[in-house]
Structure formats: structure tokens, C-alpha cells
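Structure below is final-v2.cif: mmCIF, C-alpha atoms.
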data_input
#
loop_
_atom_site.label_atom_id
_atom_site.label_comp_id
_atom_site.auth_asym_id
_atom_site.auth_seq_id
_atom_site.Cartn_x
_atom_site.Cartn_y
_atom_site.Cartn_z
CA MET A 230 2.43 1.13 38.59
CA THR A 231 1.76 0.50 34.95
CA THR A 232 4.67 -1.24 33.25
CA PRO A 233 6.03 1.08 30.56
CA SER A 234 6.23 -1.80 28.10
CA LYS A 235 2.43 -1.66 28.00
CA ALA A 236 2.42 1.92 26.72
CA SER A 237 0.79 2.07 23.29
CA LEU A 238 2.72 3.27 20.27
CA PRO A 239 0.98 6.68 20.13
CA VAL A 240 1.91 7.26 23.80
CA ILE A 241 5.51 6.17 23.14
CA LYS A 242 5.73 8.56 20.21
CA ARG A 243 4.63 11.46 22.45
CA LEU A 244 7.18 10.79 25.23
CA PRO A 245 10.13 12.57 23.53
CA LYS A 246 7.97 15.68 23.15
CA TYR A 247 7.12 15.66 26.87
CA TYR A 248 10.81 15.20 27.56
CA ARG A 249 11.73 18.20 25.39
CA TYR A 250 9.11 20.46 26.93
CA LEU A 251 9.90 19.46 30.51
CA LYS A 252 13.62 19.89 29.86
CA GLY A 253 12.85 23.40 28.60
CA LEU A 254 10.80 24.15 31.73
CA GLN A 255 13.60 22.88 33.97
CA GLU A 256 16.08 25.14 32.19
CA THR A 257 13.91 28.17 32.94
CA GLY A 258 13.76 27.19 36.62
CA ILE A 259 10.17 25.91 36.73
CA THR A 260 9.85 23.06 39.25
CA SER A 261 6.18 22.06 38.94
CA ILE A 262 3.47 22.27 36.31
CA SER A 263 -0.20 21.32 36.03
CA SER A 264 -1.48 19.05 33.27
CA ARG A 265 -3.54 22.00 32.04
CA GLU A 266 -0.55 24.35 31.70
CA LEU A 267 1.64 21.70 30.08
CA ALA A 268 -1.17 20.79 27.65
CA ALA A 269 -1.62 24.45 26.64
CA GLN A 270 2.08 24.82 25.88
CA MET A 271 2.25 21.59 23.92
CA GLY A 272 -0.99 22.03 21.98
CA THR A 273 -2.74 19.01 23.51
CA THR A 274 -5.37 18.47 26.24
CA ALA A 275 -4.96 18.14 30.00
CA SER A 276 -6.78 14.82 29.89
CA GLN A 277 -4.32 13.48 27.30
CA VAL A 278 -1.38 14.57 29.45
CA ARG A 279 -2.80 12.85 32.55
CA GLN A 280 -3.57 9.66 30.63
CA ASP A 281 -0.08 9.58 29.12
CA PHE A 282 1.59 10.13 32.49
CA ASN A 283 -0.52 7.32 33.97
CA CYS A 284 1.01 5.01 31.37
CA ILE A 285 4.63 5.72 32.17
CA GLY A 286 4.85 5.00 35.86
CA ASP A 287 4.50 6.34 39.33
CA VAL A 288 3.57 9.88 38.39
CA ASN A 289 1.28 11.71 40.75
CA GLY A 290 0.30 15.30 40.25
CA ARG A 291 -0.60 17.11 43.47
CA GLN A 292 -3.82 19.10 43.64
CA GLY A 293 -3.05 22.81 43.36
CA ILE A 294 0.68 22.23 42.79
CA GLY A 295 0.85 19.98 39.77
CA TYR A 296 3.50 17.50 38.66
CA SER A 297 7.10 17.71 39.79
CA VAL A 298 9.15 18.55 36.69
CA GLU A 299 12.21 16.83 38.16
CA ASN A 300 10.32 13.62 38.95
CA LEU A 301 8.83 13.49 35.45
CA LEU A 302 12.23 14.08 33.87
CA THR A 303 13.84 11.34 35.96
CA ILE A 304 11.18 8.86 34.85
CA LEU A 305 11.32 9.92 31.21
CA GLU A 306 15.13 9.82 31.12
CA SER A 307 15.12 6.32 32.54
CA LEU A 308 12.55 5.18 29.97
CA LEU A 309 14.13 6.90 26.97
CA PHE A 310 17.81 6.49 27.79
CA GLY A 311 17.88 3.56 30.23
CA ASN A 312 20.95 3.51 32.45
CA GLY A 313 22.74 5.89 30.10
CA GLU A 314 24.32 3.13 28.01
CA ARG A 315 24.12 4.21 24.39
CA LEU A 316 22.64 1.93 21.75
CA PRO A 317 25.35 0.96 19.21
CA ALA A 318 24.15 1.88 15.72
CA ILE A 319 25.38 1.46 12.16
CA LEU A 320 24.50 3.59 9.15
CA ILE A 321 23.66 1.88 5.86
CA GLY A 322 23.88 4.34 2.96
CA CYS A 323 26.12 7.40 3.16
CA GLY A 324 24.55 9.66 0.53
CA ARG A 325 23.19 13.12 1.25
CA LEU A 326 20.41 11.87 3.51
CA GLY A 327 22.70 9.45 5.37
CA LYS A 328 25.21 12.22 5.98
CA ALA A 329 22.49 14.58 7.23
CA VAL A 330 20.85 12.13 9.62
CA SER A 331 24.10 10.65 10.96
CA ARG A 332 24.45 13.65 13.26
CA PHE A 333 21.29 12.60 15.13
CA ILE A 334 23.14 9.39 16.04
CA THR A 335 26.39 11.13 16.92
CA THR A 336 25.03 13.90 19.14
CA ASN A 337 24.94 13.07 22.80
CA THR A 338 21.27 13.78 23.25
CA ASN A 339 19.41 10.88 21.67
CA GLY A 340 20.95 7.83 23.36
CA TYR A 341 22.88 6.29 20.46
CA THR A 342 26.46 5.91 19.33
CA LEU A 343 27.45 5.50 15.68
CA ILE A 344 29.99 2.65 15.47
CA ALA A 345 30.21 2.15 11.69
CA ALA A 346 28.93 3.37 8.34
CA PHE A 347 28.56 1.32 5.16
CA ASP A 348 28.03 2.07 1.49
CA SER A 349 28.40 0.15 -1.76
CA SER A 350 29.62 3.06 -3.86
CA PRO A 351 33.39 3.30 -4.51
CA ASP A 352 32.90 7.09 -4.34
CA GLU A 353 31.94 6.87 -0.67
CA VAL A 354 33.94 3.91 0.70
CA GLY A 355 37.06 5.11 2.52
CA LYS A 356 35.73 8.65 3.09
CA THR A 357 34.73 9.69 6.59
CA ILE A 358 31.32 10.55 7.97
CA SER A 359 31.07 12.10 11.43
CA GLY A 360 34.67 11.00 12.01
CA ILE A 361 34.03 7.36 11.02
CA GLN A 362 35.57 5.77 7.95
CA ILE A 363 32.93 4.45 5.54
CA ARG A 364 33.27 0.69 4.95
CA HIS A 365 32.19 -1.36 1.96
CA ILE A 366 28.86 -3.12 2.51
CA ASP A 367 30.66 -6.46 1.93
CA GLU A 368 32.32 -5.98 5.34
CA LEU A 369 28.92 -6.00 7.07
CA GLU A 370 29.00 -9.63 8.24
CA ASP A 371 32.53 -9.46 9.65
CA PHE A 372 31.90 -6.16 11.40
CA CYS A 373 28.60 -7.19 12.98
CA SER A 374 29.91 -10.56 14.24
CA GLU A 375 32.69 -8.72 16.02
CA HIS A 376 30.95 -5.54 17.24
CA HIS A 377 27.25 -6.51 17.67
CA PRO A 378 25.42 -3.32 16.68
CA GLN A 379 21.81 -3.20 17.90
CA VAL A 380 20.40 -0.59 15.54
CA ALA A 381 20.68 -0.01 11.79
CA VAL A 382 19.85 3.31 10.13
CA LEU A 383 18.66 2.58 6.59
CA CYS A 384 19.35 5.47 4.22
CA VAL A 385 19.22 3.48 1.01
CA PRO A 386 16.59 3.22 -1.73
CA ARG A 387 13.81 0.66 -1.48
CA GLU A 388 15.65 -2.05 -3.46
CA GLY A 389 18.79 -1.68 -1.36
CA ALA A 390 16.76 -1.88 1.85
CA GLU A 391 15.01 -5.00 0.64
CA GLN A 392 18.36 -6.65 -0.09
CA VAL A 393 20.20 -5.66 3.08
CA SER A 394 17.49 -5.89 5.75
CA GLY A 395 17.40 -9.70 5.86
CA ARG A 396 21.18 -9.78 6.31
CA LEU A 397 20.92 -7.24 9.12
CA VAL A 398 18.16 -9.17 10.91
CA ASN A 399 20.26 -12.35 10.64
CA LEU A 400 23.23 -10.44 12.06
CA GLY A 401 21.27 -9.59 15.19
CA ILE A 402 20.04 -6.06 14.46
CA GLU A 403 17.06 -5.47 16.78
CA GLY A 404 15.87 -2.07 15.67
CA PHE A 405 15.75 -0.10 12.45
CA TRP A 406 15.54 3.65 11.86
CA ASN A 407 14.18 3.28 8.38
CA PHE A 408 14.23 6.08 5.80
CA SER A 409 13.65 3.73 2.87
CA HIS A 410 10.25 3.00 1.37
CA TYR A 411 10.63 -0.67 2.17
CA ASP A 412 8.16 -1.56 4.92
CA LEU A 413 10.36 -4.08 6.66
CA SER A 414 8.04 -4.77 9.57
CA VAL A 415 5.93 -6.88 7.19
CA PRO A 416 8.60 -9.54 6.42
CA TYR A 417 10.28 -9.19 9.85
CA PRO A 418 7.46 -8.75 12.39
CA ASN A 419 9.77 -9.24 15.38
CA VAL A 420 12.14 -6.38 14.76
CA ILE A 421 11.37 -2.90 16.02
CA VAL A 422 11.04 -0.42 13.19
CA GLU A 423 10.76 3.35 13.32
CA ASN A 424 9.87 4.56 9.85
CA VAL A 425 10.62 8.04 8.59
CA HIS A 426 8.95 8.19 5.20
CA LEU A 427 9.77 11.72 4.09
CA GLY A 428 7.92 11.48 0.78
CA ASP A 429 4.78 10.26 2.56
CA SER A 430 5.08 13.11 5.03
CA LEU A 431 5.16 15.66 2.19
CA MET A 432 2.23 14.02 0.42
CA SER A 433 0.14 14.17 3.62
CA LEU A 434 0.93 17.87 3.91
CA GLY A 435 -0.09 18.31 0.28
CA PHE A 436 -3.39 16.53 0.92
CA ARG A 437 -4.20 18.84 3.81
CA LEU A 438 -3.28 21.96 1.83
CA ARG A 439 -5.30 20.89 -1.21
CA ASN A 440 -8.39 19.52 0.56
CA GLN A 441 -8.77 21.30 3.88
CA ASP A 442 -9.12 24.96 3.10
CA MET B 36 -19.66 10.29 -0.76
CA THR B 37 -17.68 11.32 2.29
CA THR B 38 -15.90 14.61 1.72
CA PRO B 39 -12.16 13.97 1.92
CA SER B 40 -11.74 17.08 4.07
CA LYS B 41 -13.44 15.11 6.83
CA ALA B 42 -10.76 12.40 6.81
CA SER B 43 -8.99 12.30 10.17
CA LEU B 44 -5.28 12.97 10.44
CA PRO B 45 -4.35 9.28 10.99
CA VAL B 46 -6.26 8.38 7.79
CA ILE B 47 -4.59 11.22 5.88
CA LYS B 48 -1.17 10.02 7.04
CA ARG B 49 -1.89 6.53 5.69
CA LEU B 50 -3.01 7.69 2.21
CA PRO B 51 0.52 8.06 0.75
CA LYS B 52 1.30 4.50 1.82
CA TYR B 53 -1.81 3.19 0.02
CA TYR B 54 -0.76 5.23 -2.98
CA ARG B 55 2.74 3.70 -2.97
CA TYR B 56 1.46 0.14 -2.62
CA LEU B 57 -1.24 0.52 -5.26
CA LYS B 58 1.26 2.14 -7.64
CA GLY B 59 3.53 -0.87 -7.11
CA LEU B 60 0.64 -3.26 -7.83
CA GLN B 61 -0.25 -1.37 -11.00
CA GLU B 62 3.36 -1.59 -12.17
CA THR B 63 3.25 -5.38 -11.83
CA GLY B 64 0.02 -5.53 -13.87
CA ILE B 65 -2.42 -6.22 -11.03
CA THR B 66 -5.82 -4.62 -11.75
CA SER B 67 -7.86 -5.51 -8.67
CA ILE B 68 -7.15 -6.39 -5.06
CA SER B 69 -9.19 -7.35 -1.99
CA SER B 70 -8.92 -5.41 1.27
CA ARG B 71 -7.58 -8.62 2.85
CA GLU B 72 -4.72 -9.00 0.34
CA LEU B 73 -3.82 -5.32 0.46
CA ALA B 74 -3.87 -5.36 4.27
CA ALA B 75 -1.55 -8.40 4.37
CA GLN B 76 0.98 -6.69 2.10
CA MET B 77 0.87 -3.45 4.05
CA GLY B 78 0.93 -4.94 7.52
CA THR B 79 -2.51 -3.67 8.53
CA THR B 80 -6.03 -5.16 8.78
CA ALA B 81 -8.71 -5.57 6.12
CA SER B 82 -11.15 -3.68 8.31
CA GLN B 83 -8.75 -0.72 8.53
CA VAL B 84 -8.33 -0.70 4.74
CA ARG B 85 -12.12 -0.71 4.18
CA GLN B 86 -12.68 2.04 6.74
CA ASP B 87 -9.93 4.20 5.22
CA PHE B 88 -11.29 3.74 1.70
CA ASN B 89 -14.76 4.70 2.93
CA CYS B 90 -13.30 8.03 4.05
CA ILE B 91 -11.76 9.01 0.74
CA GLY B 92 -14.67 8.84 -1.64
CA ASP B 93 -16.69 6.70 -3.95
CA VAL B 94 -14.71 3.51 -3.52
CA ASN B 95 -16.64 0.28 -3.83
CA GLY B 96 -14.98 -3.09 -3.66
CA ARG B 97 -16.86 -5.81 -5.52
CA GLN B 98 -17.56 -9.13 -3.79
CA GLY B 99 -15.14 -11.77 -5.07
CA ILE B 100 -13.21 -9.29 -7.25
CA GLY B 101 -12.04 -6.59 -4.86
CA TYR B 102 -11.20 -2.97 -5.46
CA SER B 103 -10.17 -1.61 -8.83
CA VAL B 104 -6.52 -0.57 -8.52
CA GLU B 105 -6.94 2.03 -11.26
CA ASN B 106 -10.01 3.60 -9.63
CA LEU B 107 -8.26 3.80 -6.26
CA LEU B 108 -5.17 5.37 -7.83
CA THR B 109 -7.27 7.96 -9.69
CA ILE B 110 -8.98 8.97 -6.45
CA LEU B 111 -5.74 9.03 -4.45
CA GLU B 112 -3.89 11.03 -7.12
CA SER B 113 -6.66 13.60 -7.20
CA LEU B 114 -6.60 13.90 -3.39
CA LEU B 115 -2.82 13.97 -3.01
CA PHE B 116 -1.83 15.92 -6.12
CA GLY B 117 -5.00 17.85 -7.03
CA ASN B 118 -5.14 18.86 -10.68
CA GLY B 119 -1.41 18.33 -11.03
CA GLU B 120 -0.50 21.90 -10.14
CA ARG B 121 2.56 21.77 -7.90
CA LEU B 122 2.65 23.56 -4.56
CA PRO B 123 5.30 26.33 -4.65
CA ALA B 124 7.70 25.80 -1.73
CA ILE B 125 10.66 27.59 -0.22
CA LEU B 126 13.47 26.12 1.86
CA ILE B 127 14.58 27.92 5.02
CA GLY B 128 17.98 26.64 6.14
CA CYS B 129 20.44 25.15 3.65
CA GLY B 130 22.70 23.14 5.94
CA ARG B 131 23.23 19.40 5.63
CA LEU B 132 19.63 18.54 6.47
CA GLY B 133 18.19 21.25 4.19
CA LYS B 134 20.36 20.01 1.31
CA ALA B 135 19.30 16.41 1.92
CA VAL B 136 15.57 17.05 2.13
CA SER B 137 15.44 19.59 -0.72
CA ARG B 138 15.42 16.71 -3.20
CA PHE B 139 12.04 15.58 -1.87
CA ILE B 140 10.67 18.95 -3.03
CA THR B 141 12.48 18.87 -6.36
CA THR B 142 11.57 15.35 -7.49
CA ASN B 143 8.45 15.12 -9.59
CA THR B 144 6.72 12.62 -7.40
CA ASN B 145 5.53 14.51 -4.35
CA GLY B 146 3.57 17.41 -5.82
CA TYR B 147 5.83 20.36 -4.96
CA THR B 148 8.20 22.71 -6.72
CA LEU B 149 11.11 24.43 -4.98
CA ILE B 150 11.09 28.09 -5.99
CA ALA B 151 13.66 29.54 -3.56
CA ALA B 152 16.07 28.69 -0.76
CA PHE B 153 17.19 30.97 2.07
CA ASP B 154 19.96 30.95 4.64
CA SER B 155 21.53 33.52 6.95
CA SER B 156 25.09 32.19 6.73
CA PRO B 157 27.50 34.01 4.37
CA ASP B 158 29.02 30.55 3.70
CA GLU B 159 25.79 29.39 2.06
CA VAL B 160 24.29 32.53 0.45
CA GLY B 161 25.07 32.61 -3.27
CA LYS B 162 25.76 28.87 -3.54
CA THR B 163 23.27 26.68 -5.35
CA ILE B 164 21.04 23.94 -3.98
CA SER B 165 19.18 21.72 -6.42
CA GLY B 166 19.95 24.25 -9.13
CA ILE B 167 18.58 27.21 -7.14
CA GLN B 168 20.76 30.04 -5.86
CA ILE B 169 20.58 30.43 -2.09
CA ARG B 170 19.31 33.88 -1.04
CA HIS B 171 19.94 35.75 2.19
CA ILE B 172 17.06 35.47 4.66
CA ASP B 173 16.71 39.29 4.52
CA GLU B 174 15.30 38.88 1.00
CA LEU B 175 12.37 36.81 2.34
CA GLU B 176 9.77 39.61 2.38
CA ASP B 177 10.54 40.85 -1.12
CA PHE B 178 10.60 37.38 -2.59
CA CYS B 179 7.36 36.24 -0.99
CA SER B 180 5.41 39.39 -1.93
CA GLU B 181 6.39 38.78 -5.51
CA HIS B 182 6.21 34.98 -5.83
CA HIS B 183 3.65 33.87 -3.22
CA PRO B 184 5.04 30.53 -2.04
CA GLN B 185 2.48 28.36 -0.23
CA VAL B 186 4.79 26.05 1.68
CA ALA B 187 7.92 26.59 3.77
CA VAL B 188 10.36 23.83 4.65
CA LEU B 189 11.98 24.68 7.98
CA CYS B 190 15.46 23.17 8.32
CA VAL B 191 16.74 25.54 10.99
CA PRO B 192 17.32 25.12 14.72
CA ARG B 193 14.52 25.84 17.18
CA GLU B 194 15.52 29.48 17.78
CA GLY B 195 15.70 30.23 14.06
CA ALA B 196 12.30 28.63 13.50
CA GLU B 197 10.77 30.67 16.31
CA GLN B 198 12.12 33.87 14.75
CA VAL B 199 11.21 33.17 11.14
CA SER B 200 7.85 31.41 11.42
CA GLY B 201 5.83 34.51 12.32
CA ARG B 202 7.31 36.34 9.33
CA LEU B 203 6.41 33.41 7.08
CA VAL B 204 2.83 33.24 8.38
CA ASN B 205 2.45 37.00 7.80
CA LEU B 206 3.81 36.53 4.28
CA GLY B 207 1.02 34.09 3.46
CA ILE B 208 2.69 30.71 3.97
CA GLU B 209 -0.13 28.19 4.48
CA GLY B 210 1.77 25.02 5.22
CA PHE B 211 5.02 24.07 6.94
CA TRP B 212 7.18 21.00 6.56
CA ASN B 213 8.86 21.48 9.88
CA PHE B 214 12.13 19.77 10.84
CA SER B 215 12.81 22.13 13.74
CA HIS B 216 11.89 21.45 17.33
CA TYR B 217 9.68 24.52 17.44
CA ASP B 218 6.05 23.38 17.63
CA LEU B 219 4.62 26.15 15.52
CA SER B 220 1.05 24.88 15.48
CA VAL B 221 0.72 26.17 19.06
CA PRO B 222 1.26 29.90 18.26
CA TYR B 223 -0.24 29.62 14.75
CA PRO B 224 -3.22 27.24 15.03
CA ASN B 225 -4.52 28.09 11.53
CA VAL B 226 -1.50 27.01 9.54
CA ILE B 227 -1.08 23.41 8.45
CA VAL B 228 2.04 21.84 9.94
CA GLU B 229 3.67 18.53 9.14
CA ASN B 230 6.35 17.93 11.74
CA VAL B 231 9.34 15.68 11.17
CA HIS B 232 11.04 15.54 14.54
CA LEU B 233 14.00 13.27 13.82
CA GLY B 234 15.37 13.35 17.36
CA ASP B 235 11.95 12.39 18.76
CA SER B 236 11.73 9.55 16.27
CA LEU B 237 15.09 8.17 17.44
CA MET B 238 14.13 8.50 21.09
CA SER B 239 10.88 6.58 20.49
CA LEU B 240 12.88 3.81 18.83
CA GLY B 241 15.22 3.81 21.83
CA PHE B 242 12.27 3.52 24.22
CA ARG B 243 10.94 0.49 22.38
CA LEU B 244 14.36 -1.18 22.25
CA ARG B 245 15.04 -0.55 25.93
CA ASN B 246 11.58 -1.36 27.32
CA GLN B 247 9.87 -3.82 25.02
CA ASP B 248 12.10 -6.88 24.91
#

Show how you would write the structure in this file as C-alpha cells.
Amino acid sequence: MTTPSKASLPVIKRLPKYYRYLKGLQETGITSISSRELAAQMGTTASQVRQDFNCIGDVNGRQGIGYSVENLLTILESLLFGNGERLPAILIGCGRLGKAVSRFITTNTNGYTLIAAFDSSPDEVGKTISGIQIRHIDELEDFCSEHHPQVAVLCVPREGAEQVSGRLVNLGIEGFWNFSHYDLSVPYPNVIVENVHLGDSLMSLGFRLRNQD
Amino acid sequence: MTTPSKASLPVIKRLPKYYRYLKGLQETGITSISSRELAAQMGTTASQVRQDFNCIGDVNGRQGIGYSVENLLTILESLLFGNGERLPAILIGCGRLGKAVSRFITTNTNGYTLIAAFDSSPDEVGKTISGIQIRHIDELEDFCSEHHPQVAVLCVPREGAEQVSGRLVNLGIEGFWNFSHYDLSVPYPNVIVENVHLGDSLMSLGFRLRNQD
């Protein structure tokens, strides 16, 4: 069995999509599926599906029957959500974007729990976000020493991210969901960073619309 | 010169990041940079930088001097923003996420202009978002026939996206900035889709935190 830690980043980024599709199949009562059928639904190739499944563990499709949906879901759930323990996360920056993305941390489906939210603006501190009272960013050190969050969600501008990320790494944050334009994997190569660069995403779309008619 | 339309999707997705870094260099007065220096700042390799620049046009680094920052920026601006004409975009779904991402369409920096916003909820219709009055989704056909938006930003749940995307394709929408979990490139292979699957992004981060210690 291939150890999942050896899965490449592109494979890892596809796993949630497999999980979503297989979950959808399970809900409609489908118990097995071929790589070809799954690939057609997902807009990929059967060969890609088989290669990806080879990376994630003991997944054997049976000739003429296909993969067991339940077996795949069990493996994917274990990889994506571990033993069900949620990753404790804090939100840095409670503006419009912070408020909008906080619900991805507070829903039950993604494997996280929001334990605190921080902002530096007096307009935000003391208000609540997803039922949690927003703290001043100066309380970051005290809070983290006591509660040991593992993940920080950065919804602050580039300068703010540059200032706060070193503090967060020193406080033991292991992973960042980073909406800022500060590429923090360069100064901190050992932390795990998932970037969501919304402006970049729009510019890529613009490139394709303008140049790929 | 390589035609930019032949650039692969991974290259296209890196172009905005080059643009951001080079813009930052220009602002600090730097006029030329080697692929090695640029790669170090961006957390990639010099070989990757050279390959990517080969894809985008007539970009020649000079031995011992490097690439001209101004030349690179001129090429990237032309590719990403065309002749400066903004892409007319509409927002579908004006909830928390729609409100938060609308500002990426309304800022001057990404090459778009928000010309309308739609929602089906009586709580939202008539309110304003980024200075634009929210219309009922029933007005979609009339609006699009008259104003010809090119891009739709989908900030609705999966079911809503499934219902509205066919209408939008029929109304001439060429590109989607898609925040829903509906993978609309499968039913509509000819439209250009940029997916932002925030839940998937969080799950990938969770995988790496749980499996790659």
C-alpha cells in the first residue's frame, strides 16, 4: 500500500472532489462505479482516476464491477478527516471576506472547528462572528499559549499577513488557509499553506477569456 | 514567438503571481531581475521561471543582466488585461460570500466591471451591493439580452448553480467564476470556468496537516 503522505500535491487537491462525487453517488444508492464512469461524471480520465486511487491506499477495482463506493469513502474520510477530531482554527481578520469564509470553518463538513477570531479594528473587536466574540489581535499570544490552535485563516491584507504570520508560526500554528497576497511559504518553508488568491484566480479567468477564443 | 493561447493551464494560473511580484519589484525601483532571483523570491525554480516566460511571448533575459521588469510587465498586462477594456460581469447570489467577493470585481486591478447582481431572495432584491441594486433572478434574461455580460460569478449553492448555469450559457455568458460545488465544465465543455471550491481547499489543507507530519 502506498503511504498517503507520498501523494503529490495535485493528487491531494483532487481528493476532496472525489469525496464529494462519491458522497453524491452514495446518497443516490449507487454502491459501485468504474473508473470510466466516475471520470466521465467528474470531467477527467479513467487513467487519472486509477492513478489517483493507487496513491491513496488499498483500493482495488474489480473487473466488470468497479470500485466499491463505500470502501473509497471510508478511505477518503480517514485521510481527509482522520479519526473525526476537528482541527482547531483561528480567524485573523474579520472583515467581509473573513465573515464569509468563517462559515467554512464552522460547518460540520470540512473537519475544522473555529475556536477564536481576531481583528485589530475597534469596530470589529467585541462583536460576534459565527457565535464567537472577536478578540483584539493583541490577545493572540495569550490565547494561543492556552488553547493551542493548529490552523490560522488569514483574511487580512498583505502587510497585515506579513506582520502576523511570524507571530503565528512562533505560537505553533502548523497550517495556514491564506487569503492574503503574502506568499508565506517562502519565509516559512516548514508550515503547510493552502493559498486562496482570489485576485489571481480572476486574472487567470481573464487571461483565458481574452486569449483563448 | 509562442502564441499565449498555447500556454497550459498551470502556466496560466502562475501568470498573475509573476505579475504581482514584478509589479512589487517595479514599485521598489528594480529594473531587471534574473530567473534565479525571481524564483527565490517566489518560492519556485529558475528553470520553471524560464520555461513559463518562454510560453508567454518574446521574453529574452540577457546574460548577466536578467529580464527587463518593464518588458515583462508590458507583456503580462497585455495578456491579463488586454487593451484595458474591462470584462462585464454579473454576480449571481448576493449572500455573505457574494458580498465579500464582489469587491474583487469592482476594484480596478483585476480587469472586470460589475454591471449587475441577482438574487432570488426577497430579503436581498432591491438592496445595493457595491453600489449596484440587486435584481430578482427573473430579470436575468431581459438584462442579459440588453447588456451582454461576458462573465458570471456564481455564489449560489450547488442546486442553484445547476439551475441557473444553463440559462446563463444560453444567454451568452462565456466565462464563470464559480464558487458553487457544481462542476459546470462537465455539462458545458465550451465555456471557460475558474472554480474556487473553498470547502475542497480546506479539506486539502486538512489532509496535509493530518497525513504529512

So which residues touch stretch 269-273 of chain A within 8 Å, counting all atoms listed in the file, skipping near sequence neighbours fewer than 5 positions away, as a list in words?
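My reading of the contact set: Tyr250 and Val278 of chain A; Asp218, Ser220 and Val221 of chain B.
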
Using only C-alpha atoms, the shortest atom-to-atom distance to chain B among A:Arg279, A:Arg315, A:Arg325, A:His426 belongs to A:Arg325

Please evaluate the PyMOL selection byres ((chain A) within 7 of (chain B)) against the displayed coordinates and give the resulting residues as a ChimeraX atom specification. /A:233-234,241-242,245-246,271-272,308-309,311,325-326,329,333,339,404,415,423,428-436,438-441

Judged by only C-alpha atoms, the minimum distance to A:Glu388 among A:Ser409, A:Gly360, A:Phe372, A:Tyr417 is found for A:Ser409

Here atom CA of A:Ile285 and atom CA of A:Gly313 stand apart by 18.2 Å

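Pairwise distance (atom CA of B:Ile100, atom CA of B:Thr63) equals 17.5 Å.
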
Skip A:Pro317 itself and residues of its chain fewer than 6 positions away, then list as a compact mmCIF listing (two decimals) with C-alpha atoms, in the frame of the given file all residues within 9 Å of it, counting all atoms listed in the file.
# COMPACT_ATOMS: atom_id res chain seq x y z
CA TYR A 341 22.88 6.29 20.46
CA THR A 342 26.46 5.91 19.33
CA LEU A 343 27.45 5.50 15.68
CA ILE A 344 29.99 2.65 15.47
CA HIS A 376 30.95 -5.54 17.24
CA HIS A 377 27.25 -6.51 17.67
CA PRO A 378 25.42 -3.32 16.68
CA GLN A 379 21.81 -3.20 17.90
CA VAL A 380 20.40 -0.59 15.54
CA ALA A 381 20.68 -0.01 11.79

- Message: Would you pick out the contacts of A:Cys373 at 10 Å or less, using all atoms listed in the file, so that residues sharing its chain but fewer than 4 positions from it are not included, and give the list as a list in words?
- Response: Ile319, Ala345, Glu368, Leu369, His377, Pro378, Gln379, Leu397, Leu400, Gly401 and Ile402 of chain A

Could the residues in this selection be written to a file with C-alpha atoms, as a PDB file, keeping the file's coordinate frame?
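What ended up in part-v3.pdb:
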ATOM      1  CA  ILE A 319      25.380   1.460  12.160  1.00  0.00           C
ATOM      2  CA  ALA A 345      30.210   2.150  11.690  1.00  0.00           C
ATOM      3  CA  GLU A 368      32.320  -5.980   5.340  1.00  0.00           C
ATOM      4  CA  LEU A 369      28.920  -6.000   7.070  1.00  0.00           C
ATOM      5  CA  HIS A 377      27.250  -6.510  17.670  1.00  0.00           C
ATOM      6  CA  PRO A 378      25.420  -3.320  16.680  1.00  0.00           C
ATOM      7  CA  GLN A 379      21.810  -3.200  17.900  1.00  0.00           C
ATOM      8  CA  LEU A 397      20.920  -7.240   9.120  1.00  0.00           C
ATOM      9  CA  LEU A 400      23.230 -10.440  12.060  1.00  0.00           C
ATOM     10  CA  GLY A 401      21.270  -9.590  15.190  1.00  0.00           C
ATOM     11  CA  ILE A 402      20.040  -6.060  14.460  1.00  0.00           C
TER      12      ILE A 402
END

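Across the structure, atom CA of A:Ser237 and atom CA of A:Asp281 are spaced 9.5 Å apart.
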
Spell out the residues picked by the PyMOL selection byres ((chain B and resi 99) around 12) here, as a PDB file with C-alpha atoms, in the coordinates of the input.
ATOM      1  CA  SER B  67      -7.860  -5.510  -8.670  1.00  0.00           C
ATOM      2  CA  ILE B  68      -7.150  -6.390  -5.060  1.00  0.00           C
ATOM      3  CA  SER B  69      -9.190  -7.350  -1.990  1.00  0.00           C
ATOM      4  CA  SER B  70      -8.920  -5.410   1.270  1.00  0.00           C
ATOM      5  CA  ARG B  71      -7.580  -8.620   2.850  1.00  0.00           C
ATOM      6  CA  GLY B  96     -14.980  -3.090  -3.660  1.00  0.00           C
ATOM      7  CA  ARG B  97     -16.860  -5.810  -5.520  1.00  0.00           C
ATOM      8  CA  GLN B  98     -17.560  -9.130  -3.790  1.00  0.00           C
ATOM      9  CA  ILE B 100     -13.210  -9.290  -7.250  1.00  0.00           C
ATOM     10  CA  GLY B 101     -12.040  -6.590  -4.860  1.00  0.00           C
ATOM     11  CA  TYR B 102     -11.200  -2.970  -5.460  1.00  0.00           C
ATOM     12  CA  SER B 103     -10.170  -1.610  -8.830  1.00  0.00           C
TER      13      SER B 103
END

Practice task
Can you pull out every residue within 12 Å of B:Gly195, counting only C-alpha atoms, but drop anything in the same chain fewer than 3 positions away, and send it as a PyMOL selection string?
Solution key: chain B and resi 127-128+154-155+172+189-192+198-202+213-217+219

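Excluding stretch 160-164 of chain B itself and same-chain residues fewer than 6 positions from it, the residues having an atom within 8 Å of it are Cys129, Lys134, Ser137, Ala152, Phe153, Asp154, Arg170 and His171 of chain B, counting only C-alpha atoms.
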
Min atom-atom distance to B:Thr141 from the set B:Leu107, B:Ser165, B:Glu159, B:Leu57, counting all atoms listed in the file, belongs to B:Ser165
